Amino acid sequence: MELYVVMFVLVMLFSGFSSKTKVRLVKRSVNLFEPFWISFAVIAAFLGLRDSIGIDDHMHSEAFDQILAYGYPWRSIEFSYTLICKLVQSINGNIQMVYILYAVPSCLLMFYIVIKLVESRHRPIFIGIFLSFFLLTSLTLMRQFLAVTLLTVAYIKHKERKRLQTILMFALAIFFHYSSILFILFWFLLPQVNKMKKDTKTIILVILFVFQYLPVASVIQSFVVNSSLDSINYISYYLGSKSGYRLYATHLGIINIAYMIVFLVMQYKKTVPPIDIHEKKSDIAEYDADMSSFAFLYFAVSMLFAPFGSLTRIAYSFSILACCFLCKYIDCFTSSSKIVLKFVSIVLFFGLFMYAVSTYSPDTSSINPIVPYRYNLQLFN
């Protein structure tokens, strides 16, 4: 528990050391000497030096051992993971080195994303939301976390009208995690989501909030479990009916509900951007619409697939962009109250973060199976 507290304090402390920016959007240049890069260095160390603390880590470790023994993993996994494991094994490295090779580029890309999409005054808020909202998920979903950062960079390159780089980022995201294909499919929905009225979005989220508690998965399981059709058998196996695994629902948790309420309030509360931002109002409106839509898709997709357990990970692709929108809630208030609000917000972020830590259990049969944090500095066998 103490290591979680130390990490949170260090990351939040250095997130405030950021030079002031007057260019708000992706046109901003990247200064590699921004002091707040230390925040992402701490996160990279925290992710990369973990000692197999979650259920996905056990799967990664087993696949690593299988690749070492047989040349390939027994379970379906991206070829990129096999390639990285073979590279590490060729220099006598262990699974710890694999964790680092995923954590470092992920955090470097996160640094780039924050520079490009988040104003300096919003960065402590962004980091606080990221820590309390998504970091613990990122602890074990290292392949998808890297893919999500690449997808977010692809969005940036798309806005910069760099088509070749956009395609390259999409290709790399798919290479590291196949679920990235679904993000591209949802990408085509973005113009339609941008056109949705605020009331329509609110109604959809309310309906999906109720839907997530319906026993949809159980009904599907009971329907397909005895089917003899190959296609249905495949679905049944994936859902767990034929593999002896009982599908569990992953309803929107308290933290997600809290941020969804913030999102809904922001829909109806007009933000007040600072007067020193040198951007066209039309450009600001376009980016705000995109970020709002990605946040909406995150909550909508999370609840849509909540009855199907791990399928909610599809929504993880929108997580960073959702943070980029949610961190702007502070603009809904007047300047005189913002300093106090930032302080209160950081205290609340810490409370939410520690609550999230407390919900994880060392019991591998639980919904959130993460053992107390341990680190490992041994990178070679």
# chains A, B, ... in the order shown; residues from 1 in each chain; ligands from 1
>>> residues_around(residues="region 108-115 of chain A", least_positions_apart="2", cutoff="7 Å", atoms="only C-alpha atoms", output="list in words")
Val30, Trp37, Phe40, Val104, Pro105, Ser106, Leu117, Val118, Thr149 and Val153 of chain A
>>> write_last_selection(atoms="C-alpha atoms", output="PDB file, in the first residue's frame")
ATOM      1  CA  VAL A  30       6.923  19.027 -28.145  1.00  0.00           C
ATOM      2  CA  TRP A  37       8.199  14.233 -17.871  1.00  0.00           C
ATOM      3  CA  PHE A  40       5.740   9.637 -16.617  1.00  0.00           C
ATOM      4  CA  VAL A 104       8.677   2.677 -21.347  1.00  0.00           C
ATOM      5  CA  PRO A 105       7.294   3.321 -24.877  1.00  0.00           C
ATOM      6  CA  SER A 106       3.752   3.512 -23.471  1.00  0.00           C
ATOM      7  CA  LEU A 117      -3.667  17.563 -26.279  1.00  0.00           C
ATOM      8  CA  VAL A 118      -3.649  18.908 -22.720  1.00  0.00           C
ATOM      9  CA  THR A 149      -1.372   5.171 -26.697  1.00  0.00           C
ATOM     10  CA  VAL A 153      -1.262   9.317 -31.378  1.00  0.00           C
TER      11      VAL A 153
END
>>> closest_atom_pairs(of="region 100-201 of chain A", to="region 84-91 of chain A", cutoff="12 Å", atoms="only C-alpha atoms", output="tab-separated table")
residue	atom	partner	partner_atom	distance
A:Ile100	CA	A:Val88	CA	10.8
A:Leu101	CA	A:Ile84	CA	8.2
A:Tyr102	CA	A:Ile84	CA	9.3
A:Arg143	CA	A:Ile84	CA	11.2
A:Phe175	CA	A:Ile84	CA	11.9
A:Phe176	CA	A:Ile84	CA	10.3
>>> select_by_dssp(residues="region 24-171 of chain A", states="helix (DSSP H, G or I)", output="PyMOL selection string")
chain A and resi 37-48+55-70+79-90+95-117+120-138+142-159+163-171
>>> closest_residue(among="A:Cys327, A:Tyr287, A:Leu83, A:Tyr4", to="Ile346 (chain A)", atoms="only C-alpha atoms")
A:Cys327
>>> closest_residue(among="A:Val265, A:Leu352, A:Leu208, A:Ala289", to="Met303 (chain A)", atoms="only C-alpha atoms")
A:Leu208
>>> closest_residue(among="A:Leu252, A:Lys201, A:Lys195, A:Ser337", to="Ala315 (chain A)", atoms="only C-alpha atoms")
A:Leu252
>>> residues_around(residues="Cys323 (chain A)", least_positions_apart="4", cutoff="12 Å", atoms="only C-alpha atoms", output="JSON, numbers by chain")
{"A": [110, 113, 114, 117, 118, 122, 123, 124, 125, 126, 127, 128, 129, 130, 131, 132, 133, 134, 135, 152, 256, 259, 260, 262, 263, 291, 292, 293, 294, 295, 296, 298, 299, 316, 317, 318, 319, 327, 328, 329]}
>>> atom_distance(atom1="CA of Glu160 (chain A)", atom2="CA of Phe145 (chain A)")
22.9 Å
>>> closest_residue(among="A:Ile156, A:Leu189, A:Ile95, A:Met59", to="Thr140 (chain A)", atoms="only C-alpha atoms")
A:Met59
>>> closest_residue(among="A:Leu150, A:Ile314, A:Asp290, A:Asn376", to="Leu185 (chain A)", atoms="only C-alpha atoms")
A:Ile314
>>> atom_distance(atom1="CA of Pro35 (chain A)", atom2="CA of Val5 (chain A)")
21.1 Å
>>> closest_residue(among="A:Leu348, A:Leu321, A:Cys107, A:Ile38", to="Ala154 (chain A)", atoms="only C-alpha atoms")
A:Leu321
>>> atom_distance(atom1="CA of Phe209 (chain A)", atom2="CA of His251 (chain A)")
8.7 Å
